[in-house]
>>> print(open('work.tsv').read())   # TSV, C-alpha atoms and all ligand atoms
chain	number	residue	atom	x	y	z
A	17	MET	CA	0.00	0.00	0.00
A	18	MET	CA	2.76	2.43	1.00
A	19	GLU	CA	4.63	1.80	-2.20
A	20	LYS	CA	1.79	3.23	-4.24
A	21	LEU	CA	2.24	6.60	-2.59
A	22	LEU	CA	5.94	6.75	-3.21
A	23	VAL	CA	7.14	8.53	-6.30
A	24	THR	CA	9.98	6.99	-8.25
A	25	SER	CA	13.11	9.05	-8.83
A	26	LYS	CA	12.40	9.04	-12.60
A	27	GLU	CA	8.99	10.62	-11.96
A	28	THR	CA	10.54	13.23	-9.66
A	29	GLU	CA	13.07	14.06	-12.34
A	30	ASP	CA	10.35	14.44	-14.98
A	31	HIS	CA	8.54	16.80	-12.65
A	32	VAL	CA	11.56	18.98	-12.07
A	33	ASN	CA	12.01	19.22	-15.82
A	34	LEU	CA	8.39	20.11	-16.36
A	35	GLU	CA	8.46	22.81	-13.69
A	36	ASP	CA	11.69	24.19	-15.09
A	37	GLU	CA	10.21	24.19	-18.58
A	38	ILE	CA	7.21	26.25	-17.42
A	39	ARG	CA	9.43	28.57	-15.38
A	40	LYS	CA	11.63	29.11	-18.44
A	41	LYS	CA	8.60	29.90	-20.55
A	42	ILE	CA	7.40	32.45	-17.99
A	43	TYR	CA	10.82	34.12	-17.82
A	44	GLU	CA	11.01	34.30	-21.62
A	45	THR	CA	7.49	35.71	-21.94
A	46	TYR	CA	7.64	38.34	-19.23
A	47	SER	CA	11.30	39.32	-18.88
A	48	GLY	CA	10.80	42.17	-21.37
A	49	ILE	CA	8.20	43.91	-19.23
A	50	ILE	CA	9.55	43.21	-15.75
A	51	THR	CA	12.19	45.49	-14.33
A	52	GLU	CA	13.91	44.66	-11.08
A	53	SER	CA	15.06	46.84	-8.20
A	54	LYS	CA	15.88	46.34	-4.54
A	55	PRO	CA	12.70	45.45	-2.61
A	56	ILE	CA	11.49	48.12	-0.16
A	57	ARG	CA	9.76	46.72	2.92
A	58	ASN	CA	9.93	49.54	5.42
A	59	PRO	CA	6.82	51.81	5.55
A	60	LYS	CA	8.70	55.13	5.80
A	61	ARG	CA	11.01	54.28	2.92
A	62	MET	CA	8.08	53.05	0.90
A	63	VAL	CA	6.13	56.32	1.39
A	64	LYS	CA	9.20	58.20	0.17
A	65	ALA	CA	9.67	55.95	-2.87
A	66	LEU	CA	5.96	56.18	-3.75
A	67	ARG	CA	6.30	59.95	-3.95
A	68	GLU	CA	9.67	60.08	-5.67
A	69	LYS	CA	9.37	57.21	-8.11
A	70	PHE	CA	5.62	57.08	-8.72
A	71	LYS	CA	4.42	60.63	-7.90
A	72	LEU	CA	1.94	59.19	-5.43
A	73	ILE	CA	1.17	60.75	-2.06
A	74	VAL	CA	0.17	57.94	0.27
A	75	PRO	CA	-0.46	58.17	4.03
A	76	GLU	CA	2.05	56.13	6.03
A	77	ARG	CA	-0.83	54.43	7.88
A	78	LEU	CA	-2.11	52.91	4.66
A	79	VAL	CA	1.33	51.62	3.71
A	80	THR	CA	1.96	50.17	7.17
A	81	LEU	CA	-1.38	48.32	7.19
A	82	THR	CA	-0.74	46.92	3.72
A	83	ILE	CA	2.70	45.68	4.73
A	84	ALA	CA	1.28	44.12	7.92
A	85	ALA	CA	-1.29	42.28	5.78
A	86	PHE	CA	1.45	41.02	3.45
A	87	LEU	CA	3.45	39.73	6.40
A	88	SER	CA	0.44	37.86	7.75
A	89	ASN	CA	-0.27	36.37	4.33
A	90	ARG	CA	-3.58	38.15	3.85
A	91	PRO	CA	-4.80	39.64	0.60
A	92	VAL	CA	-5.54	43.35	0.73
A	93	LEU	CA	-8.68	45.02	-0.58
A	94	PHE	CA	-8.50	48.72	-1.46
A	95	GLU	CA	-12.05	49.95	-1.48
A	96	GLY	CA	-13.32	53.44	-2.18
A	97	PRO	CA	-14.64	56.00	-4.65
A	98	PRO	CA	-13.33	56.32	-8.22
A	99	GLY	CA	-10.17	58.25	-8.96
A	100	THR	CA	-8.75	58.09	-5.44
A	101	GLY	CA	-5.63	56.22	-6.54
A	102	LYS	CA	-6.55	52.64	-5.59
A	103	THR	CA	-5.18	51.04	-8.75
A	104	GLU	CA	-2.03	53.11	-9.13
A	105	ILE	CA	-1.15	52.99	-5.43
A	106	GLY	CA	-1.76	49.21	-5.29
A	107	GLU	CA	0.41	48.56	-8.31
A	108	ALA	CA	3.19	50.79	-7.00
A	109	ILE	CA	3.21	49.26	-3.49
A	110	LEU	CA	3.38	45.74	-4.94
A	111	THR	CA	6.20	46.75	-7.26
A	112	LEU	CA	8.26	48.30	-4.46
A	113	TRP	CA	7.57	45.41	-2.08
A	114	ALA	CA	8.67	42.69	-4.51
A	115	GLY	CA	11.36	44.75	-6.23
A	116	LYS	CA	9.75	43.74	-9.53
A	117	THR	CA	7.12	45.29	-11.77
A	118	ALA	CA	3.73	44.09	-10.52
A	119	PHE	CA	1.24	42.28	-12.71
A	120	VAL	CA	-2.21	43.78	-13.22
A	121	LEU	CA	-5.30	41.71	-13.84
A	122	PRO	CA	-8.38	43.76	-14.77
A	123	CYS	CA	-11.32	41.57	-13.72
A	124	SER	CA	-14.03	40.29	-15.95
A	125	GLU	CA	-17.01	38.15	-14.99
A	126	ASN	CA	-16.00	35.24	-17.20
A	127	TYR	CA	-12.57	34.74	-15.67
A	128	ASP	CA	-11.72	31.20	-14.68
A	129	GLU	CA	-8.50	29.32	-13.98
A	130	TYR	CA	-7.79	28.84	-17.68
A	131	ARG	CA	-7.70	32.57	-18.31
A	132	VAL	CA	-5.67	33.55	-15.28
A	133	ILE	CA	-3.50	30.53	-14.47
A	134	GLY	CA	-2.87	28.88	-17.81
A	135	ASP	CA	-4.30	27.04	-20.76
A	136	PHE	CA	-3.27	24.78	-23.60
A	137	HIS	CA	-2.65	26.17	-27.06
A	138	PRO	CA	-5.03	24.13	-29.26
A	139	LEU	CA	-2.71	23.69	-32.25
A	140	MET	CA	0.36	22.99	-30.10
A	141	ALA	CA	-1.68	20.48	-28.09
A	142	LEU	CA	-2.62	18.67	-31.30
A	143	LYS	CA	1.02	18.50	-32.25
A	144	TYR	CA	2.68	17.75	-28.90
A	145	GLY	CA	-0.21	16.58	-26.71
A	146	PHE	CA	-1.47	18.25	-23.53
A	147	ASN	CA	1.83	18.79	-21.79
A	148	GLU	CA	4.28	21.53	-20.79
A	149	LYS	CA	5.15	22.19	-24.46
A	150	SER	CA	1.60	23.25	-25.33
A	151	TYR	CA	0.86	24.95	-21.99
A	152	ILE	CA	0.56	28.75	-21.95
A	153	PRO	CA	1.13	30.16	-18.45
A	154	ARG	CA	-0.96	33.25	-17.67
A	155	THR	CA	-0.71	36.21	-15.28
A	156	LEU	CA	-1.46	34.66	-11.89
A	157	LEU	CA	0.89	31.72	-12.39
A	158	ALA	CA	3.54	34.08	-13.76
A	159	ALA	CA	3.32	36.32	-10.67
A	160	LEU	CA	3.65	33.35	-8.31
A	161	VAL	CA	6.57	31.83	-10.22
A	162	LEU	CA	8.42	35.13	-10.58
A	163	ASP	CA	7.71	36.06	-6.95
A	164	ALA	CA	6.09	39.31	-8.09
A	165	GLY	CA	2.95	41.07	-6.85
A	166	ILE	CA	-0.38	41.04	-8.62
A	167	LEU	CA	-3.09	43.69	-8.59
A	168	ILE	CA	-6.55	42.29	-9.18
A	169	ASP	CA	-8.47	45.31	-10.39
A	170	GLU	CA	-12.23	45.71	-9.84
A	171	ILE	CA	-12.68	42.40	-8.02
A	172	ARG	CA	-16.47	42.89	-7.85
A	173	ARG	CA	-16.63	42.27	-11.58
A	174	SER	CA	-15.48	38.67	-11.13
A	175	SER	CA	-17.56	35.64	-10.19
A	176	GLU	CA	-17.74	34.15	-6.71
A	177	GLU	CA	-15.99	30.98	-7.94
A	178	PHE	CA	-13.11	33.07	-9.18
A	179	GLN	CA	-12.88	34.90	-5.86
A	180	ASN	CA	-12.77	31.58	-4.01
A	181	LEU	CA	-10.10	30.24	-6.33
A	182	LEU	CA	-8.02	33.33	-5.62
A	183	LEU	CA	-8.39	33.06	-1.86
A	184	ASP	CA	-7.34	29.44	-1.94
A	185	ILE	CA	-4.20	30.28	-3.92
A	186	ILE	CA	-3.30	33.18	-1.63
A	187	ASP	CA	-3.96	31.12	1.49
A	188	LYS	CA	-1.81	28.18	0.48
A	189	ARG	CA	0.68	30.15	-1.63
A	190	ARG	CA	0.62	27.54	-4.35
A	191	ILE	CA	-1.10	26.85	-7.65
A	192	ILE	CA	-2.12	23.38	-8.68
A	193	VAL	CA	-2.26	22.62	-12.39
A	194	PRO	CA	-3.97	19.20	-12.46
A	195	GLU	CA	-3.54	18.82	-16.23
A	196	LEU	CA	0.24	18.91	-15.74
A	197	LYS	CA	0.11	17.05	-12.42
A	198	THR	CA	2.18	19.86	-10.99
A	199	ILE	CA	2.07	22.13	-7.96
A	200	PHE	CA	3.84	25.47	-8.25
A	201	LYS	CA	4.85	26.90	-4.89
A	202	ALA	CA	5.69	30.51	-4.07
A	203	ARG	CA	9.41	30.79	-3.46
A	204	GLY	CA	9.54	34.05	-1.54
A	205	ILE	CA	7.32	36.76	-0.01
A	206	GLY	CA	7.32	38.95	-3.13
A	207	PHE	CA	4.12	37.28	-4.35
A	208	GLN	CA	1.34	39.37	-2.77
A	209	VAL	CA	-2.14	40.31	-3.87
A	210	ILE	CA	-3.96	43.64	-3.73
A	211	MET	CA	-7.52	43.88	-5.02
A	212	THR	CA	-9.47	47.01	-5.75
A	213	SER	CA	-13.17	47.67	-5.65
A	214	ASN	CA	-15.55	50.57	-5.88
A	215	PRO	CA	-18.70	49.65	-3.97
A	216	GLU	CA	-20.68	52.53	-5.49
A	217	ASP	CA	-20.22	51.32	-9.06
A	218	ILE	CA	-23.64	50.40	-10.40
A	219	GLY	CA	-24.13	46.87	-11.65
A	220	GLN	CA	-21.27	45.31	-9.73
A	221	GLY	CA	-21.70	42.24	-7.56
A	222	GLU	CA	-21.50	42.02	-3.81
A	223	LEU	CA	-18.49	40.46	-2.14
A	224	SER	CA	-19.36	37.39	-0.09
A	225	ASP	CA	-18.98	37.30	3.70
A	226	ALA	CA	-16.44	34.49	3.36
A	227	PHE	CA	-14.40	36.67	1.04
A	228	LEU	CA	-14.57	39.75	3.27
A	229	ARG	CA	-13.57	37.68	6.30
A	230	ARG	CA	-10.29	36.70	4.66
A	231	VAL	CA	-9.18	40.03	3.22
A	232	VAL	CA	-7.71	43.06	4.94
A	233	ARG	CA	-10.01	45.85	3.79
A	234	ILE	CA	-8.45	49.29	3.54
A	235	LYS	CA	-10.86	52.12	2.91
A	236	PHE	CA	-10.03	54.97	0.52
A	237	GLU	CA	-11.71	58.37	0.87
A	238	TYR	CA	-11.54	61.60	-1.09
A	239	PRO	CA	-8.49	63.51	0.18
A	240	ASP	CA	-8.99	66.74	2.10
A	241	ARG	CA	-8.41	69.99	0.25
A	242	SER	CA	-4.80	70.55	1.16
A	243	LEU	CA	-3.84	66.99	0.21
A	244	GLU	CA	-5.71	67.19	-3.09
A	245	LEU	CA	-3.92	70.47	-3.85
A	246	GLU	CA	-0.60	68.80	-3.13
A	247	ILE	CA	-1.53	65.90	-5.43
A	248	ILE	CA	-2.51	68.28	-8.24
A	249	LYS	CA	0.72	70.25	-7.88
A	250	LEU	CA	2.87	67.12	-7.87
A	251	ARG	CA	1.06	65.64	-10.85
A	252	THR	CA	0.99	68.73	-13.10
A	253	SER	CA	4.35	70.33	-12.30
A	254	ASP	CA	5.77	69.12	-15.63
A	255	VAL	CA	3.76	71.79	-17.51
A	256	GLU	CA	5.42	75.08	-16.69
A	257	VAL	CA	2.38	77.30	-16.50
A	258	LYS	CA	1.17	78.81	-13.22
A	259	VAL	CA	-2.32	78.36	-11.80
A	260	PRO	CA	-3.49	81.03	-9.35
A	261	ASP	CA	-4.48	79.60	-5.93
A	262	SER	CA	-7.89	81.24	-6.21
A	263	LEU	CA	-8.65	79.21	-9.37
A	264	LEU	CA	-7.34	75.99	-7.83
A	265	GLY	CA	-9.64	76.59	-4.87
A	266	LYS	CA	-12.62	77.01	-7.21
A	267	VAL	CA	-11.75	73.82	-9.10
A	268	LEU	CA	-11.72	71.88	-5.83
A	269	GLU	CA	-14.96	73.50	-4.68
A	270	THR	CA	-16.61	72.44	-7.97
A	271	ALA	CA	-15.36	68.88	-7.58
A	272	GLU	CA	-16.54	68.69	-3.96
A	273	LYS	CA	-20.06	69.82	-4.89
A	274	LEU	CA	-20.26	67.39	-7.80
A	275	ARG	CA	-19.12	64.52	-5.59
A	276	VAL	CA	-22.42	65.01	-3.80
A	277	ARG	CA	-24.68	66.00	-6.66
A	278	SER	CA	-23.69	64.40	-9.98
A	279	THR	CA	-23.77	60.84	-11.28
A	280	HIS	CA	-20.14	60.90	-12.42
A	281	LYS	CA	-18.31	61.93	-9.28
A	282	PRO	CA	-15.02	63.63	-10.14
A	283	GLY	CA	-12.16	62.14	-8.12
A	284	PRO	CA	-8.64	63.49	-7.66
A	285	SER	CA	-7.77	61.77	-10.96
A	286	ASP	CA	-10.28	64.15	-12.62
A	287	THR	CA	-9.13	67.31	-10.84
A	288	VAL	CA	-5.55	66.42	-11.82
A	289	MET	CA	-6.62	65.95	-15.42
A	290	TRP	CA	-8.65	69.19	-15.38
A	291	ILE	CA	-5.70	71.30	-14.24
A	292	LYS	CA	-3.29	69.50	-16.56
A	293	LEU	CA	-5.53	70.14	-19.59
A	294	ALA	CA	-6.13	73.77	-18.58
A	295	LYS	CA	-2.37	74.30	-18.28
A	296	LEU	CA	-1.77	72.75	-21.69
A	297	VAL	CA	-4.51	74.86	-23.27
A	298	ALA	CA	-2.99	78.01	-21.72
A	299	GLN	CA	0.45	76.96	-22.94
A	300	ARG	CA	-0.86	76.53	-26.51
A	301	LYS	CA	-2.13	80.11	-26.29
A	302	ASN	CA	1.31	81.28	-25.16
A	303	LYS	CA	0.07	82.26	-21.73
A	304	SER	CA	2.22	81.80	-18.64
A	305	ILE	CA	-0.73	81.80	-16.24
A	306	VAL	CA	-3.94	79.79	-16.48
A	307	ASP	CA	-7.03	82.01	-16.48
A	308	ILE	CA	-10.73	81.37	-15.95
A	309	ASP	CA	-11.31	80.81	-19.71
A	310	ASP	CA	-8.83	77.91	-19.78
A	311	ILE	CA	-10.52	76.38	-16.74
A	312	LEU	CA	-14.03	76.73	-18.19
A	313	GLU	CA	-12.98	75.53	-21.63
A	314	THR	CA	-11.66	72.27	-20.23
A	315	ALA	CA	-14.36	71.79	-17.57
A	316	PRO	CA	-16.91	69.84	-19.68
A	317	ILE	CA	-14.35	67.30	-20.93
A	318	VAL	CA	-13.54	66.32	-17.38
A	319	LEU	CA	-16.83	66.87	-15.58
A	320	VAL	CA	-19.49	65.69	-18.03
A	321	LYS	CA	-18.98	61.98	-18.56
A	322	ARG	CA	-22.72	61.29	-18.77
A	323	ASP	CA	-25.26	63.42	-20.64
A	324	GLU	CA	-27.59	63.43	-17.65
A	325	ASP	CA	-24.96	65.38	-15.64
A	326	GLU	CA	-24.94	68.37	-18.05
A	327	ASP	CA	-27.46	70.40	-16.06
A	328	VAL	CA	-25.95	69.80	-12.64
A	329	VAL	CA	-22.43	70.59	-13.94
A	330	ASN	CA	-23.71	73.82	-15.45
A	331	GLU	CA	-25.46	74.71	-12.19
A	332	VAL	CA	-22.43	74.02	-10.01
A	333	VAL	CA	-20.03	75.87	-12.32
A	334	TYR	CA	-22.38	78.86	-12.20
A	335	GLU	CA	-22.51	78.71	-8.41
A	336	VAL	CA	-18.73	78.56	-8.08
A	337	PHE	CA	-17.44	80.70	-10.96
A	338	GLY	CA	-20.47	82.95	-11.50
A	339	VAL	CA	-20.51	82.12	-15.22
A	340	PRO	CA	-22.69	79.53	-16.97
A	341	LEU	CA	-20.80	76.91	-18.91
A	342	TRP	CA	-22.98	76.52	-21.96
A	343	LYS	CA	-24.11	80.01	-22.89
A	344	ARG	CA	-20.68	81.60	-23.05
B	401	LIG	N1	-2.77	59.88	-3.55
B	401	LIG	C1	-2.53	60.23	-4.82
B	401	LIG	N2	-1.31	60.65	-5.20
B	401	LIG	C2	-1.07	61.03	-6.47
B	401	LIG	N3	-1.99	60.99	-7.45
B	401	LIG	C3	-3.23	60.59	-7.14
B	401	LIG	C4	-3.56	60.18	-5.82
B	401	LIG	N4	-4.86	59.83	-5.79
B	401	LIG	C5	-5.33	60.00	-7.03
B	401	LIG	N5	-4.36	60.47	-7.86
B	401	LIG	C6	-4.61	60.80	-9.27
B	401	LIG	O1	-5.48	59.78	-9.73
B	401	LIG	C7	-4.82	58.92	-10.68
B	401	LIG	C8	-4.94	57.49	-10.25
B	401	LIG	O2	-6.22	57.09	-10.12
B	401	LIG	P1	-6.58	55.55	-10.10
B	401	LIG	O3	-7.05	55.16	-11.45
B	401	LIG	O4	-5.50	54.75	-9.50
B	401	LIG	O5	-7.81	55.62	-9.12
B	401	LIG	P2	-8.83	54.47	-8.74
B	401	LIG	O6	-9.17	54.72	-7.32
B	401	LIG	O7	-8.26	53.16	-9.13
B	401	LIG	O8	-10.08	54.83	-9.65
B	401	LIG	P3	-11.21	53.85	-10.25
B	401	LIG	O9	-12.11	53.49	-9.10
B	401	LIG	O10	-11.90	54.77	-11.22
B	401	LIG	O11	-10.53	52.71	-10.89
B	401	LIG	C9	-3.37	59.33	-10.71
B	401	LIG	O12	-2.87	59.26	-12.01
B	401	LIG	C10	-3.40	60.75	-10.17
B	401	LIG	O13	-3.66	61.64	-11.23
B	402	MG	MG	-8.92	51.68	-10.47
>>> encode(input="work.tsv", output="structure tokens")
Amino acid sequence: MMEKLLVTSKETEDHVNLEDEIRKKIYETYSGIITESKPIRNPKRMVKALREKFKLIVPERLVTLTIAAFLSNRPVLFEGPPGTGKTEIGEAILTLWAGKTAFVLPCSENYDEYRVIGDFHPLMALKYGFNEKSYIPRTLLAALVLDAGILIDEIRRSSEEFQNLLLDIIDKRRIIVPELKTIFKARGIGFQVIMTSNPEDIGQGELSDAFLRRVVRIKFEYPDRSLELEIIKLRTSDVEVKVPDSLLGKVLETAEKLRVRSTHKPGPSDTVMWIKLAKLVAQRKNKSIVDIDDILETAPIVLVKRDEDEDVVNEVVYEVFGVPLWKR
């Protein structure tokens, strides 16, 4: 009976070759897009690197909690309103933590293990059979094998089965590929998972209790005014045109009102884009300072993402700037 469970040395050897073959394939496929640097695992140093390397202003508390979750082998869920930096911050933290460019997996409801772990190439499988030669490793397996992080974007768009599959992989830090009779194990602590979600997005599924119990949920909020100003300045400093503080204040006031009143709620990503576009428009007109016309000219592109918001945007702009947007 015991003998049946024992693996012969020939079988072990075959397995090592198979694993190596898949590893080699992953290295060949992804080496062009992965850059390596020294991992950063200290919160203070990470906050500094996020600002200097990624132009992201992230509270130290958020970084510390994320690192604590990584160290306790828990997946992290960044949850909050659109445009508050969840995706970019998640990707950057994972990259710094592993010292390797993180993988990003934008979720879709029809994801299953074949799309995220790996699949067989039909023509290759006909030629070589269903083995390592015809196997195409995908993002999640690649991240685990390369000991890199993976950002699972918009997790609510995926199915419950997919979420359970993910939790199992994160929990056990291994991926089983039954078709290859192989188990791939994480080799270091670089492989970590951050998921993002925006609970206010219409038409997205609920996350199950079982799922929420396992993840470390970190809530994102709109930044306060002074932080949002700092973000805008950091993000638009490459265009050398000045923006008077009074105009910046009005832009933020507009965004704050629309966050309450419109369907498309402008996040910091939108206020950054608004100022950037206004600066570029001013620059094209050979101006060295942005004026109200540049701000109003670019307002609709950023603020009206849905036709039904036209009226409320017009109303708010009138309240803040004293000029209607449409009848200029
Ligand atoms: N803390 C921040 N530091 C620097 N830039 C920020 C920050 N927060 C938001 N931004 C701006 O927002 C952009 C990133 O937004 P991102 O797409 O990551 O947000 P999100 O929360 O994932 O939004 P969504 O829910 O729409 O996916 C950056 O390019 C930058 O312009
Ligand atoms: Mg996002």
>>> residues_near_ligand(input="work.tsv", ligand="ligand LIG 401 (chain B)", cutoff="9 Å", atoms="all atoms listed in the file", output="MDAnalysis selection string")
chainID A and resid 66:67 70:75 94:107 169:170 212:214 217 236 238:239 243:244 246:248 250:252 283:289
>>> residues_around(input="work.tsv", residues="Leu181 of chain A", least_positions_apart="5", cutoff="9 Å", atoms="only C-alpha atoms", output="JSON, numbers by chain")
{"A": [128, 129, 176, 186]}
>>> atom_distance(input="work.tsv", atom1="atom CA of Thr111 of chain A", atom2="atom CA of Arg189 of chain A")
18.4 Å
>>> closest_residue(input="work.tsv", among="A:Ile171, A:Leu139, A:Ile56, A:Leu196", to="ligand MG 402 (chain B)", atoms="only C-alpha atoms and all ligand atoms")
A:Ile171
>>> closest_residue(input="work.tsv", among="A:Ile168, A:Leu245, A:Ile199, A:Leu78", to="ligand MG 402 (chain B)", atoms="only C-alpha atoms and all ligand atoms")
A:Ile168
>>> residues_around(input="work.tsv", residues="Glu335 of chain A", least_positions_apart="3", cutoff="12 Å", atoms="only C-alpha atoms", output="MDAnalysis selection string")
chainID A and resid 266:267 269:270 273:274 328:332 338:341
>>> axis_aligned_box(input="work.tsv", around="segment 190-209 of chain A", padding_each_side="6 Å", output="lines of an AutoDock Vina configuration file")
center_x = 2.8
center_y = 28.7
center_z = -8.1
size_x = 25.5
size_y = 35.3
size_z = 28.2
>>> atom_distance(input="work.tsv", atom1="atom CA of Arg241 of chain A", atom2="atom CA of Asp323 of chain A")
27.6 Å
>>> closest_residue(input="work.tsv", among="A:Pro91, A:Gly115, A:Ile210, A:Met140", to="ligand MG 402 (chain B)", atoms="only C-alpha atoms and all ligand atoms")
A:Ile210
>>> residues_around(input="work.tsv", residues="Lys149 of chain A", least_positions_apart="6", cutoff="9 Å", atoms="all atoms listed in the file", output="list in words")
Leu34, Glu37, Ile38, Phe136, Met140 and Ala141 of chain A
>>> closest_residue(input="work.tsv", among="A:Ile42, A:Leu183, A:Ala298, A:Val193", to="Asp135 of chain A", atoms="all atoms listed in the file")
A:Val193
>>> atom_distance(input="work.tsv", atom1="atom CA of Ala164 of chain A", atom2="atom CA of Thr80 of chain A")
19.2 Å
>>> residues_around(input="work.tsv", residues="Glu256 of chain A", least_positions_apart="5", cutoff="9 Å", atoms="only C-alpha atoms", output="JSON, numbers by chain")
{"A": [295, 299, 304]}
>>> residues_around(input="work.tsv", residues="Val209 of chain A", least_positions_apart="6", cutoff="12 Å", atoms="only C-alpha atoms", output="ChimeraX atom specification")
/A:82-83,85-87,89-94,106-107,109-111,113-114,118-121,156,159-160,163-169,171,182-183,185-187,189,231-232
>>> closest_residue(input="work.tsv", among="A:Leu263, A:Leu112, A:Cys123, A:Ile50", to="ligand MG 402 (chain B)", atoms="all atoms listed in the file")
A:Cys123
>>> closest_residue(input="work.tsv", among="A:Gly265, A:Gly48, A:Pro122, A:Pro260", to="ligand MG 402 (chain B)", atoms="all atoms listed in the file")
A:Pro122
>>> build_atoms(input="work.tsv", residues="segment 141-162 of chain A", atoms="N, CA and C atoms", output="mmCIF file, keeping the file's coordinate frame")
data_model
loop_
_atom_site.group_PDB
_atom_site.id
_atom_site.type_symbol
_atom_site.label_atom_id
_atom_site.label_comp_id
_atom_site.auth_asym_id
_atom_site.auth_seq_id
_atom_site.Cartn_x
_atom_site.Cartn_y
_atom_site.Cartn_z
ATOM 1 N N ALA A 141 -1.225 21.683 -28.792
ATOM 2 C CA ALA A 141 -1.680 20.480 -28.090
ATOM 3 C C ALA A 141 -1.914 19.341 -29.085
ATOM 4 N N LEU A 142 -2.420 19.704 -30.269
ATOM 5 C CA LEU A 142 -2.620 18.670 -31.300
ATOM 6 C C LEU A 142 -1.289 18.063 -31.702
ATOM 7 N N LYS A 143 -0.293 18.950 -31.800
ATOM 8 C CA LYS A 143 1.020 18.500 -32.250
ATOM 9 C C LYS A 143 1.803 17.743 -31.173
ATOM 10 N N TYR A 144 1.825 18.332 -29.948
ATOM 11 C CA TYR A 144 2.680 17.750 -28.900
ATOM 12 C C TYR A 144 1.910 16.999 -27.808
ATOM 13 N N GLY A 145 0.577 17.147 -27.801
ATOM 14 C CA GLY A 145 -0.210 16.580 -26.710
ATOM 15 C C GLY A 145 -0.413 17.639 -25.626
ATOM 16 N N PHE A 146 -1.213 17.288 -24.610
ATOM 17 C CA PHE A 146 -1.470 18.250 -23.530
ATOM 18 C C PHE A 146 -0.355 18.143 -22.498
ATOM 19 N N ASN A 147 0.708 18.842 -22.724
ATOM 20 C CA ASN A 147 1.830 18.790 -21.790
ATOM 21 C C ASN A 147 2.481 20.171 -21.697
ATOM 22 N N GLU A 148 3.651 20.224 -21.033
ATOM 23 C CA GLU A 148 4.280 21.530 -20.790
ATOM 24 C C GLU A 148 4.616 22.277 -22.087
ATOM 25 N N LYS A 149 4.802 21.531 -23.189
ATOM 26 C CA LYS A 149 5.150 22.190 -24.460
ATOM 27 C C LYS A 149 3.980 23.023 -24.991
ATOM 28 N N SER A 150 2.757 22.529 -24.777
ATOM 29 C CA SER A 150 1.600 23.250 -25.330
ATOM 30 C C SER A 150 0.923 24.133 -24.276
ATOM 31 N N TYR A 151 1.485 24.186 -23.073
ATOM 32 C CA TYR A 151 0.860 24.950 -21.990
ATOM 33 C C TYR A 151 1.261 26.424 -22.057
ATOM 34 N N ILE A 152 0.265 27.303 -21.955
ATOM 35 C CA ILE A 152 0.560 28.750 -21.950
ATOM 36 C C ILE A 152 0.292 29.295 -20.550
ATOM 37 N N PRO A 153 1.348 29.610 -19.791
ATOM 38 C CA PRO A 153 1.130 30.160 -18.450
ATOM 39 C C PRO A 153 0.594 31.580 -18.530
ATOM 40 N N ARG A 154 -0.381 31.899 -17.666
ATOM 41 C CA ARG A 154 -0.960 33.250 -17.670
ATOM 42 C C ARG A 154 -0.582 34.025 -16.402
ATOM 43 N N THR A 155 -1.172 35.226 -16.272
ATOM 44 C CA THR A 155 -0.710 36.210 -15.280
ATOM 45 C C THR A 155 -0.532 35.710 -13.831
ATOM 46 N N LEU A 156 -1.534 35.035 -13.301
ATOM 47 C CA LEU A 156 -1.460 34.660 -11.890
ATOM 48 C C LEU A 156 -0.330 33.660 -11.631
ATOM 49 N N LEU A 157 -0.196 32.697 -12.532
ATOM 50 C CA LEU A 157 0.890 31.720 -12.390
ATOM 51 C C LEU A 157 2.244 32.423 -12.565
ATOM 52 N N ALA A 158 2.289 33.351 -13.517
ATOM 53 C CA ALA A 158 3.540 34.080 -13.760
ATOM 54 C C ALA A 158 3.958 34.857 -12.516
ATOM 55 N N ALA A 159 2.989 35.530 -11.869
ATOM 56 C CA ALA A 159 3.320 36.320 -10.670
ATOM 57 C C ALA A 159 3.868 35.407 -9.574
ATOM 58 N N LEU A 160 3.208 34.274 -9.372
ATOM 59 C CA LEU A 160 3.650 33.350 -8.310
ATOM 60 C C LEU A 160 5.059 32.818 -8.604
ATOM 61 N N VAL A 161 5.272 32.417 -9.847
ATOM 62 C CA VAL A 161 6.570 31.830 -10.220
ATOM 63 C C VAL A 161 7.689 32.866 -10.150
ATOM 64 N N LEU A 162 7.379 34.091 -10.569
ATOM 65 C CA LEU A 162 8.420 35.130 -10.580
ATOM 66 C C LEU A 162 8.571 35.820 -9.224
#
